[in-house]
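Encoded as structure tokens, the structure appears first; notes follow it.
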Amino acid sequence: MDALADTRPRAEKIIAVLGPTATGKTELTFGLCKAFGGEMVGADSMQVYRGLPVGTAAPRPEECPAVPRHLIGVLPPEIPFSVADYVANAAGIIAHLHSIGKTPVLCGGTGLYIESLVNGLDFAEVGMPQNARVQMEAEWDEAGAAEMLRRLAALDPEHAAKLHLNDKKRILNALWQTREQRATYAERAARSRPAEKPYDALLIGVDARDRALLYKRIEARVNGMLAGGLLDEAKTVYEHRKAYKTAAQAIGYKEFFPYFAGGAPLDACAEKLKQATRNYAKRQLTWFRRMKDVHWLFLEDGGLEETASALTEAFLRGE
RNA sequence: GCCUCUGUAGCUCAGUUGGUAGAGCAGUGGACUGAAAAUCCACGUGUCGUUGGUUCGAUUCCGACCGGAGGCA
């Protein structure tokens, strides 16, 4: 009885290190894994892809050979990937880690993935396949934005009211899902959300108090990527851009397409890349700042590893 | 030295037939349930280079000066 009470809650614990790009999440995660017998589980929509380590800043085995990593560099770039795939895969890995007594430490910058996983969202129903997407696009071109939004409003007025006329991606998706599943957005959302959260999660966020510091680190990181062979990687992506449906969207590659296509100067593309990374970091922050129960650590304060370790220790002990 | 063009938001520029000005980008904030490193929304006062003149009123017209670009010597 005692043994059962001792092990059961522990099996549901997960740790997540999150925050904007270039804040040192990976290092911090390695540190925690080593200290607490954890394994790293990627929470990043682009680092899942194989063969793109430079541009996606994917953690490499040689950086920390002792720590096993999951969902990083495992998928051929031709394969599309989505939240549903992420949650399904990550949940499986986490269950396995728990079964062998390891603590999963999520690490990544994709807010949607982390939140969906932590909340245990269930994406059992089918997602929109490629050919349906093409069809919906055609319907959009033929009917126009206002009419498409009206069609959605006829089926799901509540959700349609929340979408902006320009938000084509969401309108098309919502319309397709609503027709396909004969259920409104709210109904689908309720269905996908479990009654109880599946994990006991410790969320550790890393940020800079001064935005300028974050931007300086981004600048340095991009320069490092360029020195580390980013251009070769970008060239590969450029040449396969049609086949790499999801991967070609990654920041770090598409900014160089104008250069490969001929014309655009290289340094202008590099500038554009830094810009895009800054914009991205800001979007990540608005996502993460909204999340509840994040323990924020700030780069300026120093001692991140110590603070994170202390939090983790208390968390694993059961507070 | 002379001639032409030019000086407006952090950047690139528009504009006011004279009533003190607005786009894109950047920046900031926000949204986000199957492409999320994606997609979308909101937010624009700045001695309109300086200084005189004309005018009820000048950033707008005229003059001078200062800065920038080009041309002729």
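All residue names refer to the structure tokens as shown: chains lettered A, B, ... in order, residues numbered from 1 in each chain, ligands numbered from 1 in order.
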Discussion item. Excluding A64 in chain B and its own-chain neighbours fewer than 4 positions away, which residues fall within 12 Å of it when counting only C-alpha atoms (C1' of nucleotides)? Please give them as a list in words.
Written reply: U50, U51, G52 and G53 of chain B
Would you give me, as a Markdown table, each residue of chain A having an atom within 8 Å of an atom of chain B, along with its shortest atom pair and that distance in Å to one decimal, using only C-alpha atoms (C1' of nucleotides) and sorting by chain and residue number?
| residue | atom | partner | partner_atom | distance |
| --- | --- | --- | --- | --- |
| A:Ser45 | CA | B:A37 | C1' | 7.4 |
| A:Met46 | CA | B:A37 | C1' | 6.7 |
| A:Pro80 | CA | B:A35 | C1' | 7.7 |
| A:Phe81 | CA | B:A35 | C1' | 7.8 |
| A:Ser82 | CA | B:G34 | C1' | 5.9 |
| A:Val83 | CA | B:G34 | C1' | 6.0 |
| A:Ala84 | CA | B:G34 | C1' | 5.4 |
| A:Thr110 | CA | B:A36 | C1' | 7.1 |
| A:Leu112 | CA | B:A36 | C1' | 6.6 |
| A:Ser116 | CA | B:U33 | C1' | 7.6 |
| A:Leu121 | CA | B:U33 | C1' | 7.9 |
| A:Phe123 | CA | B:G34 | C1' | 7.2 |
| A:Val126 | CA | B:G34 | C1' | 7.6 |
| A:Gly127 | CA | B:G34 | C1' | 4.8 |
| A:Met128 | CA | B:G34 | C1' | 7.0 |
| A:His164 | CA | B:C40 | C1' | 7.2 |
| A:Asn166 | CA | B:C40 | C1' | 6.8 |
| A:Asp167 | CA | B:C40 | C1' | 5.1 |
| A:Lys168 | CA | B:U39 | C1' | 7.9 |
| A:Lys169 | CA | B:U39 | C1' | 6.2 |
| A:Arg170 | CA | B:U39 | C1' | 7.5 |
| A:Ala189 | CA | B:U33 | C1' | 6.4 |
| A:Ser192 | CA | B:U33 | C1' | 7.9 |
| A:Lys245 | CA | B:A35 | C1' | 7.4 |
| A:Thr246 | CA | B:A35 | C1' | 5.9 |
| A:Gln249 | CA | B:A37 | C1' | 6.9 |
| A:Ala250 | CA | B:A37 | C1' | 4.6 |
| A:Ile251 | CA | B:A37 | C1' | 5.0 |
| A:Tyr280 | CA | B:A37 | C1' | 7.0 |
| A:Thr286 | CA | B:G30 | C1' | 7.6 |
Same residues, C-alpha atoms, output as a PDB file, in the first residue's frame:
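Saved to selection-v4.pdb:
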ATOM      1  CA  SER A  45       7.502  21.605 -34.415  1.00  0.00           C
ATOM      2  CA  MET A  46      10.662  21.897 -36.478  1.00  0.00           C
ATOM      3  CA  PRO A  80       3.897  16.702 -42.712  1.00  0.00           C
ATOM      4  CA  PHE A  81       3.536  16.945 -38.954  1.00  0.00           C
ATOM      5  CA  SER A  82       0.882  18.474 -36.737  1.00  0.00           C
ATOM      6  CA  VAL A  83      -0.199  18.933 -33.132  1.00  0.00           C
ATOM      7  CA  ALA A  84      -2.191  15.741 -33.277  1.00  0.00           C
ATOM      8  CA  THR A 110       6.035  25.449 -29.669  1.00  0.00           C
ATOM      9  CA  LEU A 112       0.515  24.894 -29.017  1.00  0.00           C
ATOM     10  CA  SER A 116      -2.058  20.508 -25.937  1.00  0.00           C
ATOM     11  CA  LEU A 121      -6.042  17.057 -25.688  1.00  0.00           C
ATOM     12  CA  PHE A 123      -7.241  14.521 -31.456  1.00  0.00           C
ATOM     13  CA  VAL A 126      -9.312  12.855 -38.613  1.00  0.00           C
ATOM     14  CA  GLY A 127      -7.520  16.027 -39.631  1.00  0.00           C
ATOM     15  CA  MET A 128      -7.955  17.787 -42.939  1.00  0.00           C
ATOM     16  CA  HIS A 164     -11.415  37.659 -38.637  1.00  0.00           C
ATOM     17  CA  ASN A 166      -8.543  37.689 -43.204  1.00  0.00           C
ATOM     18  CA  ASP A 167      -7.858  34.611 -41.160  1.00  0.00           C
ATOM     19  CA  LYS A 168      -8.167  32.296 -44.120  1.00  0.00           C
ATOM     20  CA  LYS A 169      -6.330  29.414 -42.525  1.00  0.00           C
ATOM     21  CA  ARG A 170      -8.666  29.234 -39.564  1.00  0.00           C
ATOM     22  CA  ALA A 189     -13.175  21.514 -28.211  1.00  0.00           C
ATOM     23  CA  SER A 192     -11.050  16.818 -27.155  1.00  0.00           C
ATOM     24  CA  LYS A 245       5.409  20.817 -46.627  1.00  0.00           C
ATOM     25  CA  THR A 246       5.881  21.631 -42.966  1.00  0.00           C
ATOM     26  CA  GLN A 249       8.075  26.880 -43.204  1.00  0.00           C
ATOM     27  CA  ALA A 250      10.849  26.914 -40.644  1.00  0.00           C
ATOM     28  CA  ILE A 251      12.504  30.206 -39.930  1.00  0.00           C
ATOM     29  CA  TYR A 280       8.829  34.809 -33.635  1.00  0.00           C
ATOM     30  CA  THR A 286       2.638  36.122 -25.877  1.00  0.00           C
TER      31      THR A 286
END
Fill in: Pick from A:Gly19, A:Gly229, A:Pro61, A:Gly38, whichever lies nearest to Asp207 in chain A using only C-alpha atoms
A:Gly19
Item to complete: Go through range 23-87 of chain A and collect every residue that DSSP, computed from the backbone, puts in helix (DSSP H, G or I); the answer should be as an MDAnalysis selection string.
Response: chainID A and resid 25:36 61:63 83:87
Atoms to include: C-alpha atoms. Write the selected residues as a PDB file, in the first residue's frame.
ATOM      1  CA  LYS A  25      16.311  26.030 -22.830  1.00  0.00           C
ATOM      2  CA  THR A  26      18.274  23.108 -24.209  1.00  0.00           C
ATOM      3  CA  GLU A  27      21.216  23.492 -21.838  1.00  0.00           C
ATOM      4  CA  LEU A  28      18.930  23.926 -18.891  1.00  0.00           C
ATOM      5  CA  THR A  29      17.058  20.771 -19.865  1.00  0.00           C
ATOM      6  CA  PHE A  30      20.254  18.761 -20.146  1.00  0.00           C
ATOM      7  CA  GLY A  31      21.239  19.933 -16.693  1.00  0.00           C
ATOM      8  CA  LEU A  32      17.928  18.849 -15.181  1.00  0.00           C
ATOM      9  CA  CYS A  33      18.002  15.497 -16.962  1.00  0.00           C
ATOM     10  CA  LYS A  34      21.449  14.722 -15.648  1.00  0.00           C
ATOM     11  CA  ALA A  35      20.604  15.772 -12.126  1.00  0.00           C
ATOM     12  CA  PHE A  36      17.286  13.948 -11.862  1.00  0.00           C
ATOM     13  CA  PRO A  61      24.002  14.071 -29.207  1.00  0.00           C
ATOM     14  CA  GLU A  62      27.555  15.322 -28.766  1.00  0.00           C
ATOM     15  CA  GLU A  63      26.324  18.246 -26.670  1.00  0.00           C
ATOM     16  CA  VAL A  83      -0.199  18.933 -33.132  1.00  0.00           C
ATOM     17  CA  ALA A  84      -2.191  15.741 -33.277  1.00  0.00           C
ATOM     18  CA  ASP A  85       0.882  13.774 -34.328  1.00  0.00           C
ATOM     19  CA  TYR A  86       2.893  15.468 -31.654  1.00  0.00           C
ATOM     20  CA  VAL A  87       0.522  14.749 -28.810  1.00  0.00           C
TER      21      VAL A  87
END
Fill in: Interatomic distance (Å, one decimal) between CA of Leu52 in chain A and CA of Ala212 in chain A
27.8 Å
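You will find CA of Ala43 in chain A at 17.8 Å from CA of Glu12 in chain A.
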Polymer residues at most 12 Å from Val54 in chain A, only C-alpha atoms (C1' of nucleotides), same-chain spacing of 6 or more positions, as a PDB file with N, CA and C atoms, in the first residue's frame:
ATOM      1  N   MET A  46       9.675  22.013 -35.409  1.00  0.00           N
ATOM      2  CA  MET A  46      10.662  21.897 -36.478  1.00  0.00           C
ATOM      3  C   MET A  46      11.831  20.995 -36.119  1.00  0.00           C
ATOM      4  N   GLN A  47      12.146  20.935 -34.837  1.00  0.00           N
ATOM      5  CA  GLN A  47      13.255  20.073 -34.432  1.00  0.00           C
ATOM      6  C   GLN A  47      12.938  18.591 -34.603  1.00  0.00           C
ATOM      7  N   ARG A  60      22.162  18.418 -30.145  1.00  0.00           N
ATOM      8  CA  ARG A  60      22.889  17.328 -30.791  1.00  0.00           C
ATOM      9  C   ARG A  60      23.423  16.361 -29.757  1.00  0.00           C
ATOM     10  N   GLY A  73      14.832  15.289 -34.472  1.00  0.00           N
ATOM     11  CA  GLY A  73      15.538  14.752 -35.639  1.00  0.00           C
ATOM     12  C   GLY A  73      15.099  13.360 -36.020  1.00  0.00           C
ATOM     13  N   ARG A 221      23.007  34.114 -32.098  1.00  0.00           N
ATOM     14  CA  ARG A 221      22.661  32.756 -32.502  1.00  0.00           C
ATOM     15  C   ARG A 221      22.623  32.631 -34.020  1.00  0.00           C
ATOM     16  N   VAL A 222      22.014  33.591 -34.678  1.00  0.00           N
ATOM     17  CA  VAL A 222      21.922  33.519 -36.147  1.00  0.00           C
ATOM     18  C   VAL A 222      23.321  33.598 -36.764  1.00  0.00           C
ATOM     19  N   ASN A 223      24.153  34.474 -36.219  1.00  0.00           N
ATOM     20  CA  ASN A 223      25.532  34.537 -36.723  1.00  0.00           C
ATOM     21  C   ASN A 223      26.221  33.190 -36.548  1.00  0.00           C
ATOM     22  N   GLY A 224      25.984  32.562 -35.429  1.00  0.00           N
ATOM     23  CA  GLY A 224      26.555  31.243 -35.179  1.00  0.00           C
ATOM     24  C   GLY A 224      26.051  30.210 -36.166  1.00  0.00           C
ATOM     25  N   MET A 225      24.770  30.277 -36.479  1.00  0.00           N
ATOM     26  CA  MET A 225      24.189  29.342 -37.447  1.00  0.00           C
ATOM     27  C   MET A 225      24.829  29.515 -38.818  1.00  0.00           C
ATOM     28  N   LEU A 226      25.023  30.767 -39.205  1.00  0.00           N
ATOM     29  CA  LEU A 226      25.628  31.039 -40.509  1.00  0.00           C
ATOM     30  C   LEU A 226      27.034  30.466 -40.559  1.00  0.00           C
ATOM     31  N   ALA A 227      27.756  30.638 -39.463  1.00  0.00           N
ATOM     32  CA  ALA A 227      29.116  30.088 -39.400  1.00  0.00           C
ATOM     33  C   ALA A 227      29.083  28.565 -39.349  1.00  0.00           C
ATOM     34  N   GLY A 228      27.978  28.023 -38.872  1.00  0.00           N
ATOM     35  CA  GLY A 228      27.880  26.581 -38.698  1.00  0.00           C
ATOM     36  C   GLY A 228      27.284  25.832 -39.873  1.00  0.00           C
ATOM     37  N   GLY A 229      27.121  26.504 -40.997  1.00  0.00           N
ATOM     38  CA  GLY A 229      26.660  25.805 -42.194  1.00  0.00           C
ATOM     39  C   GLY A 229      25.185  25.931 -42.509  1.00  0.00           C
ATOM     40  N   LEU A 230      24.573  26.984 -42.001  1.00  0.00           N
ATOM     41  CA  LEU A 230      23.146  27.180 -42.252  1.00  0.00           C
ATOM     42  C   LEU A 230      22.819  27.247 -43.743  1.00  0.00           C
ATOM     43  N   LEU A 231      23.698  27.887 -44.482  1.00  0.00           N
ATOM     44  CA  LEU A 231      23.406  28.113 -45.901  1.00  0.00           C
ATOM     45  C   LEU A 231      23.272  26.801 -46.685  1.00  0.00           C
ATOM     46  N   ASP A 232      24.124  25.826 -46.366  1.00  0.00           N
ATOM     47  CA  ASP A 232      24.033  24.526 -47.047  1.00  0.00           C
ATOM     48  C   ASP A 232      22.692  23.877 -46.766  1.00  0.00           C
ATOM     49  N   GLU A 233      22.303  23.949 -45.488  1.00  0.00           N
ATOM     50  CA  GLU A 233      21.035  23.366 -45.104  1.00  0.00           C
ATOM     51  C   GLU A 233      19.887  24.066 -45.820  1.00  0.00           C
ATOM     52  N   ALA A 234      19.985  25.383 -45.853  1.00  0.00           N
ATOM     53  CA  ALA A 234      18.929  26.173 -46.486  1.00  0.00           C
ATOM     54  C   ALA A 234      18.818  25.835 -47.967  1.00  0.00           C
ATOM     55  N   ALA A 250       9.975  26.565 -41.763  1.00  0.00           N
ATOM     56  CA  ALA A 250      10.849  26.914 -40.644  1.00  0.00           C
ATOM     57  C   ALA A 250      11.571  28.222 -40.908  1.00  0.00           C
ATOM     58  N   ILE A 251      11.707  28.990 -39.840  1.00  0.00           N
ATOM     59  CA  ILE A 251      12.504  30.206 -39.930  1.00  0.00           C
ATOM     60  C   ILE A 251      13.962  29.791 -40.068  1.00  0.00           C
ATOM     61  N   GLY A 252      14.656  30.423 -41.004  1.00  0.00           N
ATOM     62  CA  GLY A 252      16.050  30.069 -41.193  1.00  0.00           C
ATOM     63  C   GLY A 252      16.308  29.541 -42.586  1.00  0.00           C
ATOM     64  N   TYR A 253      15.247  29.164 -43.277  1.00  0.00           N
ATOM     65  CA  TYR A 253      15.404  28.657 -44.630  1.00  0.00           C
ATOM     66  C   TYR A 253      14.708  29.555 -45.647  1.00  0.00           C
TER      67      TYR A 253
END
Item to complete: Return the single residue from A:Pro20, A:Gly51, A:Gly205, A:Gly120 that is closest to Glu78 in chain A, with distances computed using only C-alpha atoms.
Response: A:Gly51
Tell me, as a PDB file with N, CA and C atoms (P, O5', C5', C4', C3', O3' and C1' of nucleotides), in the first residue's frame, which residues lie within 8 Å of range 22-25 of chain B, counting only C-alpha atoms (C1' of nucleotides); anything in the same chain fewer than 5 positions away does not count.
ATOM      1  P     C B  11      15.508  57.405 -39.199  1.00  0.00           P
ATOM      2  O5'   C B  11      15.324  56.097 -40.095  1.00  0.00           O
ATOM      3  C5'   C B  11      16.440  55.278 -40.441  1.00  0.00           C
ATOM      4  C4'   C B  11      15.987  54.212 -41.412  1.00  0.00           C
ATOM      5  C3'   C B  11      15.395  54.750 -42.713  1.00  0.00           C
ATOM      6  O3'   C B  11      16.423  54.992 -43.658  1.00  0.00           O
ATOM      7  C1'   C B  11      13.943  53.123 -41.802  1.00  0.00           C
ATOM      8  P     U B  12      16.132  56.058 -44.833  1.00  0.00           P
ATOM      9  O5'   U B  12      15.044  55.292 -45.704  1.00  0.00           O
ATOM     10  C5'   U B  12      15.425  54.211 -46.568  1.00  0.00           C
ATOM     11  C4'   U B  12      14.233  53.824 -47.406  1.00  0.00           C
ATOM     12  C3'   U B  12      13.586  54.983 -48.157  1.00  0.00           C
ATOM     13  O3'   U B  12      14.261  55.245 -49.376  1.00  0.00           O
ATOM     14  C1'   U B  12      11.905  53.699 -47.082  1.00  0.00           C
ATOM     15  P     A B  14       8.558  60.208 -52.540  1.00  0.00           P
ATOM     16  O5'   A B  14       7.032  60.175 -52.002  1.00  0.00           O
ATOM     17  C5'   A B  14       6.122  59.365 -52.628  1.00  0.00           C
ATOM     18  C4'   A B  14       4.752  59.383 -51.975  1.00  0.00           C
ATOM     19  C3'   A B  14       3.965  60.679 -51.993  1.00  0.00           C
ATOM     20  O3'   A B  14       3.470  60.987 -53.279  1.00  0.00           O
ATOM     21  C1'   A B  14       3.584  59.530 -49.960  1.00  0.00           C
ATOM     22  P     G B  15       3.298  62.553 -53.699  1.00  0.00           P
ATOM     23  O5'   G B  15       2.328  63.118 -52.569  1.00  0.00           O
ATOM     24  C5'   G B  15       0.964  62.715 -52.537  1.00  0.00           C
ATOM     25  C4'   G B  15       0.272  63.374 -51.366  1.00  0.00           C
ATOM     26  C3'   G B  15       0.347  64.906 -51.365  1.00  0.00           C
ATOM     27  O3'   G B  15      -0.687  65.437 -52.170  1.00  0.00           O
ATOM     28  C1'   G B  15       0.930  64.093 -49.214  1.00  0.00           C
TER      29        G B  15
END
Looking only at strand (DSSP E or B) from DSSP on the backbone, list the matching residues of range 187-303 of chain A as a PDB file with N, CA and C atoms, in the first residue's frame.
ATOM      1  N   ASP A 200       0.860  15.683 -13.893  1.00  0.00           N
ATOM      2  CA  ASP A 200       1.214  16.683 -12.903  1.00  0.00           C
ATOM      3  C   ASP A 200       2.459  17.356 -13.466  1.00  0.00           C
ATOM      4  N   ALA A 201       2.296  18.592 -13.940  1.00  0.00           N
ATOM      5  CA  ALA A 201       3.383  19.210 -14.695  1.00  0.00           C
ATOM      6  C   ALA A 201       4.028  20.375 -13.976  1.00  0.00           C
ATOM      7  N   LEU A 202       5.347  20.403 -14.030  1.00  0.00           N
ATOM      8  CA  LEU A 202       6.096  21.570 -13.566  1.00  0.00           C
ATOM      9  C   LEU A 202       6.536  22.357 -14.798  1.00  0.00           C
ATOM     10  N   LEU A 203       6.077  23.587 -14.899  1.00  0.00           N
ATOM     11  CA  LEU A 203       6.413  24.403 -16.070  1.00  0.00           C
ATOM     12  C   LEU A 203       7.467  25.439 -15.700  1.00  0.00           C
ATOM     13  N   ILE A 204       8.593  25.365 -16.360  1.00  0.00           N
ATOM     14  CA  ILE A 204       9.672  26.317 -16.114  1.00  0.00           C
ATOM     15  C   ILE A 204       9.879  27.160 -17.370  1.00  0.00           C
ATOM     16  N   GLY A 205       9.669  28.464 -17.238  1.00  0.00           N
ATOM     17  CA  GLY A 205       9.822  29.355 -18.388  1.00  0.00           C
ATOM     18  C   GLY A 205      11.104  30.161 -18.279  1.00  0.00           C
ATOM     19  N   VAL A 206      11.750  30.373 -19.413  1.00  0.00           N
ATOM     20  CA  VAL A 206      12.960  31.200 -19.425  1.00  0.00           C
ATOM     21  C   VAL A 206      12.713  32.423 -20.296  1.00  0.00           C
ATOM     22  N   ASP A 207      13.048  33.588 -19.768  1.00  0.00           N
ATOM     23  CA  ASP A 207      12.838  34.834 -20.509  1.00  0.00           C
ATOM     24  C   ASP A 207      13.922  35.831 -20.098  1.00  0.00           C
ATOM     25  N   VAL A 294       3.279  29.026 -14.813  1.00  0.00           N
ATOM     26  CA  VAL A 294       4.656  28.930 -15.287  1.00  0.00           C
ATOM     27  C   VAL A 294       5.578  29.587 -14.255  1.00  0.00           C
ATOM     28  N   HIS A 295       6.630  28.877 -13.881  1.00  0.00           N
ATOM     29  CA  HIS A 295       7.656  29.467 -13.016  1.00  0.00           C
ATOM     30  C   HIS A 295       8.667  30.156 -13.907  1.00  0.00           C
ATOM     31  N   TRP A 296       8.669  31.464 -13.903  1.00  0.00           N
ATOM     32  CA  TRP A 296       9.549  32.191 -14.815  1.00  0.00           C
ATOM     33  C   TRP A 296      10.924  32.428 -14.218  1.00  0.00           C
ATOM     34  N   LEU A 297      11.922  32.137 -15.012  1.00  0.00           N
ATOM     35  CA  LEU A 297      13.302  32.441 -14.640  1.00  0.00           C
ATOM     36  C   LEU A 297      13.814  33.477 -15.641  1.00  0.00           C
ATOM     37  N   PHE A 298      14.638  34.398 -15.159  1.00  0.00           N
ATOM     38  CA  PHE A 298      15.129  35.449 -16.045  1.00  0.00           C
ATOM     39  C   PHE A 298      16.643  35.383 -16.194  1.00  0.00           C
TER      40      PHE A 298
END
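Rounded to one decimal, CA of Gly24 in chain A and CA of Ala95 in chain A lie 26.6 Å from each other.
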Got a sec: who's within 10 Å of Ala145 in chain A, counting only C-alpha atoms (C1' of nucleotides), leaving out chain neighbours fewer than 3 positions off, as a short mmCIF file (atom, residue, chain, number, x, y, z; two decimals) with all heavy atoms, in the first residue's frame?
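Dumped everything to selection21.cif:
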data_model
loop_
_atom_site.label_atom_id
_atom_site.label_comp_id
_atom_site.auth_asym_id
_atom_site.auth_seq_id
_atom_site.Cartn_x
_atom_site.Cartn_y
_atom_site.Cartn_z
N GLU A 139 -12.63 26.53 -53.17
CA GLU A 139 -13.92 27.08 -52.78
C GLU A 139 -13.75 28.53 -52.33
O GLU A 139 -14.57 29.40 -52.64
CB GLU A 139 -14.53 26.23 -51.66
CG GLU A 139 -15.96 26.66 -51.29
CD GLU A 139 -16.55 25.83 -50.16
OE1 GLU A 139 -16.05 24.71 -49.91
OE2 GLU A 139 -17.52 26.31 -49.52
N TRP A 140 -12.67 28.78 -51.61
CA TRP A 140 -12.37 30.13 -51.12
C TRP A 140 -12.17 31.08 -52.31
O TRP A 140 -12.72 32.19 -52.34
CB TRP A 140 -11.12 30.09 -50.25
CG TRP A 140 -10.62 31.42 -49.78
CD1 TRP A 140 -9.90 32.32 -50.50
CD2 TRP A 140 -10.81 32.01 -48.49
NE1 TRP A 140 -9.61 33.42 -49.75
CE2 TRP A 140 -10.16 33.27 -48.50
CE3 TRP A 140 -11.46 31.59 -47.32
CZ2 TRP A 140 -10.13 34.11 -47.38
CZ3 TRP A 140 -11.43 32.44 -46.22
CH2 TRP A 140 -10.77 33.68 -46.25
N ASP A 141 -11.37 30.66 -53.27
CA ASP A 141 -11.10 31.51 -54.43
C ASP A 141 -12.37 31.82 -55.21
O ASP A 141 -12.52 32.91 -55.75
CB ASP A 141 -10.09 30.80 -55.37
CG ASP A 141 -8.71 30.71 -54.74
OD1 ASP A 141 -8.46 31.48 -53.79
OD2 ASP A 141 -7.92 29.87 -55.17
N GLU A 142 -13.25 30.85 -55.24
CA GLU A 142 -14.46 31.01 -56.02
C GLU A 142 -15.49 31.87 -55.28
O GLU A 142 -16.13 32.73 -55.87
CB GLU A 142 -15.01 29.61 -56.35
CG GLU A 142 -16.11 29.59 -57.40
CD GLU A 142 -17.49 29.49 -56.77
OE1 GLU A 142 -17.64 28.65 -55.87
OE2 GLU A 142 -18.38 30.27 -57.17
N MET A 148 -17.30 32.83 -47.49
CA MET A 148 -16.82 31.66 -46.74
C MET A 148 -17.11 31.81 -45.25
O MET A 148 -17.52 30.86 -44.58
CB MET A 148 -15.32 31.47 -46.97
CG MET A 148 -14.97 31.02 -48.38
SD MET A 148 -15.77 29.47 -48.86
CE MET A 148 -14.51 28.29 -48.37
N LEU A 149 -16.88 33.01 -44.76
CA LEU A 149 -17.16 33.24 -43.34
C LEU A 149 -18.66 33.11 -43.08
O LEU A 149 -19.07 32.61 -42.04
CB LEU A 149 -16.65 34.63 -42.93
CG LEU A 149 -16.60 34.93 -41.44
CD1 LEU A 149 -15.79 33.88 -40.68
CD2 LEU A 149 -16.00 36.31 -41.17
N ARG A 150 -19.47 33.54 -44.04
CA ARG A 150 -20.92 33.40 -43.91
C ARG A 150 -21.32 31.93 -43.88
O ARG A 150 -22.20 31.52 -43.12
CB ARG A 150 -21.62 34.12 -45.07
CG ARG A 150 -22.60 35.19 -44.61
CD ARG A 150 -23.18 35.98 -45.78
NE ARG A 150 -22.28 37.02 -46.24
CZ ARG A 150 -21.92 37.22 -47.50
NH1 ARG A 150 -22.38 36.43 -48.47
NH2 ARG A 150 -21.10 38.19 -47.83
N ARG A 151 -20.67 31.14 -44.73
CA ARG A 151 -20.98 29.71 -44.74
C ARG A 151 -20.65 29.07 -43.39
O ARG A 151 -21.36 28.19 -42.92
CB ARG A 151 -20.21 29.01 -45.86
CG ARG A 151 -20.81 29.33 -47.23
CD ARG A 151 -20.04 28.74 -48.39
NE ARG A 151 -20.51 29.35 -49.64
CZ ARG A 151 -20.00 29.11 -50.84
NH1 ARG A 151 -18.98 28.27 -50.99
NH2 ARG A 151 -20.50 29.69 -51.91
N HIS A 164 -11.53 36.48 -37.79
CA HIS A 164 -11.41 37.66 -38.64
C HIS A 164 -11.49 37.25 -40.11
O HIS A 164 -11.02 36.18 -40.49
CB HIS A 164 -10.10 38.38 -38.36
CG HIS A 164 -10.03 39.73 -39.00
ND1 HIS A 164 -9.64 39.90 -40.30
CD2 HIS A 164 -10.32 40.96 -38.52
CE1 HIS A 164 -9.67 41.19 -40.60
NE2 HIS A 164 -10.08 41.86 -39.53
N LEU A 165 -12.06 38.14 -40.90
CA LEU A 165 -12.23 37.91 -42.32
C LEU A 165 -10.94 37.48 -43.02
O LEU A 165 -10.95 36.71 -43.97
CB LEU A 165 -12.76 39.19 -42.95
CG LEU A 165 -13.39 39.12 -44.33
CD1 LEU A 165 -14.62 38.24 -44.32
CD2 LEU A 165 -13.77 40.52 -44.80
N ASN A 166 -9.83 38.00 -42.56
CA ASN A 166 -8.54 37.69 -43.20
C ASN A 166 -7.91 36.38 -42.75
O ASN A 166 -6.89 35.98 -43.27
CB ASN A 166 -7.53 38.81 -42.92
CG ASN A 166 -7.95 40.11 -43.58
OD1 ASN A 166 -8.80 40.11 -44.46
ND2 ASN A 166 -7.35 41.19 -43.15
N ASP A 167 -8.50 35.79 -41.73
CA ASP A 167 -7.86 34.61 -41.16
C ASP A 167 -8.25 33.36 -41.95
O ASP A 167 -8.87 32.44 -41.43
CB ASP A 167 -8.22 34.48 -39.69
CG ASP A 167 -7.13 33.76 -38.89
OD1 ASP A 167 -6.26 33.14 -39.54
OD2 ASP A 167 -7.16 33.83 -37.66
N LYS A 168 -7.80 33.34 -43.17
CA LYS A 168 -8.17 32.30 -44.12
C LYS A 168 -7.90 30.89 -43.58
O LYS A 168 -8.74 30.01 -43.66
CB LYS A 168 -7.35 32.52 -45.40
CG LYS A 168 -7.58 31.51 -46.48
CD LYS A 168 -6.78 31.93 -47.71
CE LYS A 168 -6.84 30.86 -48.79
NZ LYS A 168 -6.03 31.23 -49.96
N ILE A 171 -10.48 29.97 -40.98
CA ILE A 171 -11.83 29.86 -41.54
C ILE A 171 -11.97 28.55 -42.31
O ILE A 171 -12.93 27.80 -42.13
CB ILE A 171 -12.15 31.06 -42.46
CG1 ILE A 171 -12.21 32.36 -41.64
CG2 ILE A 171 -13.49 30.85 -43.18
CD1 ILE A 171 -12.39 33.62 -42.48
N LEU A 172 -11.00 28.27 -43.16
CA LEU A 172 -11.06 27.04 -43.96
C LEU A 172 -11.05 25.81 -43.07
O LEU A 172 -11.82 24.87 -43.28
CB LEU A 172 -9.89 26.98 -44.95
CG LEU A 172 -9.93 28.00 -46.10
CD1 LEU A 172 -8.83 27.71 -47.10
CD2 LEU A 172 -11.28 28.02 -46.78
#
